[in-house]
Every structure is written in structure tokens, then in C-alpha cells.
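S.K.: Encoded as C-alpha cells, here's the structure I'll be asking about.
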Amino acid sequence: MNKINSVCVYSASSTKIAPAYFEAARELGALLGQKHIRLINGAGNMGLMAAVADAALQAGGEVTGVIPRFMVEQGWHHTGLTRLIEVESMHERKKLMADRSDAVIALPGGCGTLEELLEIITWKQLGLYLNPIVILNIGGYFDPLLAMLRKAVEENFMRMQHGTIWHVAQTPQEAVELIHTVPLWDASIRKFAAI
């Protein structure tokens with residue numbers, strides 16, 4: 001069993017998405033809160049980002065939000081988090097979120113979420129992040145991305161071993177179970193990264 005004290009959750013800020021995504025975000029947040037696993041996210045006050053944070057807090061958990069100052073100046077930050085960390089840039093935000101997490105779970109999202117997910121996968125491929133990465137594939141949302149990643153492996157843009165960098169869950173419960181049970185990444189594989 002992996003010792004998981006904190007989980008970084010990537011997710012959408014959109015409010016116009018299907019209710020099933022909000023239900024999954026709230027369930028995930030509640031599970032993390034009940035298990036006293038600190039949630040780390042981008043501190044947004046809308047969409048799945050707010051839903052997962054609110055559910056974690058309501059379940060007695062702690063939430064650390066990391067957000068660039070320009071977003072705070074726009075009023076895009078959640079004001080009810082356990083801790084809000086302001087940073088200067090998006091790059092600093094992503095690095096701090098990764099540094100403070102024992103695992104990553106990706107909920108559905110747009111370009112920002114996809115970019116965060118692909119970057120953390122790349123960091124793991126290079127041995128810069130060794131912790132579990134779980135893609136929470138609600139309603140098959142990530143199916144096209146997973147197909148693209150499989151194609152990258154099949155066509156030797158990534159090594160076969162790199163297909164084990166991420167794991168896929170269909171439910172929040174499965175995602176939380178996976179972060180505790182997936183084997184830790186062997187950093188030596190990075191020597192053979194085909195990037």
C-alpha cells in the first residue's frame with residue numbers, strides 16, 4: 001500500500017458540463033475528505049474544481065489551492081479553502097501542486113486539464129515525478145486521449161513500459177483505491193525515454 005497523504009486533482013472549471021461529471025467530482029472530494037487525504041488543486045471557484053473542493057471540505061478534509069496572482073486579481077479563486085497559496089505563474093502553480101502531492105487524479109476537463117495531465121505524464125516518464133497518476137474516465141471522456149497514447153506506444157513514440165505510467169479508473173472509488181495500490185514508478189526507465 002502506498003502512503004498517500006495528499007492528492008493533486010486536475011479538473012475543469014467549466015460550469016456548463018453534464019451533471020454526471022459534477023457527481024463524480026463531489027464523490028471524489030468526499031472520499032478524500034473522509035479518508036483525511038489532503039486535496040491539492042488549482043483553487044478555482046467554479047466547475048469541477050470547486051465541486052471537488054467543497055465536497056472534501058464538507059467531509060471534514062483539508063484543501064490546499066494553488067493559484068497564480070493574476071487569477072486572484074480576477075476573483076477566480078475559491079475563498080473557503082483550508083489554505084490558499086498564491087504564485088506568480090502557471091508553471092510555478094503546476095510545479096508546486098506536483099511537489100506537494102503523493103498522487104495525481106485527473107477528472108475530465110478542457111485544455112488546461114489535458115495539458116496538466118500530459119505534463120505530469122511526461123515528468124513521470126523522465127523520472128521527475130514518481131507517484132501514481134490515475135485518469136478518472138467518467139463516461140468514457142478520456143477514451144480518445146487513451147487511444148492516442150496507445151497509438152504513441154504502438155508507433156514507438158513511447159516505449160511499451162511507458163504505458164504503465166498512468167492507470168485508468170471508471171469511478172472515484174476505484175481511483176482512490178488505485179492511488180494506494182499501483183506500483184511506484186521505476187525511475188531507471190527514464191533512461192530509455194523516447195521523446
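Chains: A, B, ... in order of the C-alpha cells. Residues: from 1 per chain. Ligands: from 1, in order shown.
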Which residues come within 10 Å of His77 (chain A), counting only C-alpha atoms, excluding same-chain residues fewer than 6 positions away, as an MDAnalysis selection string?
M.R.: chainID A and resid 42:46 50 65:69 71 84 86
S.K.: Please identify the helix (DSSP H, G or I) residues within chain A (assignment by DSSP from backbone atoms) and present them as a ChimeraX atom specification.
M.R.: /A:19-34,47-58,69-73,90-99,111-125,138-140,143-154,160-164,172-181,187-192
S.K.: Just want the 6 Å neighbourhood of region 99-111 of chain A, counted on only C-alpha atoms, with same-chain residues fewer than 5 positions away dropped. Output as a ChimeraX atom specification.
M.R.: /A:4,6-12,131-136
S.K.: If you run DSSP on the backbone here, which positions in chain A get strand (DSSP E or B)? Please write them as number ranges by chain.
M.R.: A: 6-10, 38-41, 44, 63-68, 77, 83-87, 104-106, 133-136, 167-169
S.K.: Report as an MDAnalysis selection string all protein, DNA and RNA residues lying within 12 Å of Met1 (chain A), evaluated on only C-alpha atoms, omitting residues in the same chain fewer than 5 positions from it.
M.R.: chainID A and resid 132 176:184
S.K.: Of the candidates A:Leu31, A:Val87, A:Ala25, A:Val63, which shows the shortest atom-to-atom distance to Met49 (chain A), using only C-alpha atoms?
M.R.: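 Closest residue, counting only C-alpha atoms: A:Ala25.
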S.K.: Which polymer residues have any atom within 12 Å of an atom of Gly140 (chain A), counting only C-alpha atoms, with same-chain residues fewer than 3 positions away left out, as a count of residues only?
M.R.: 16
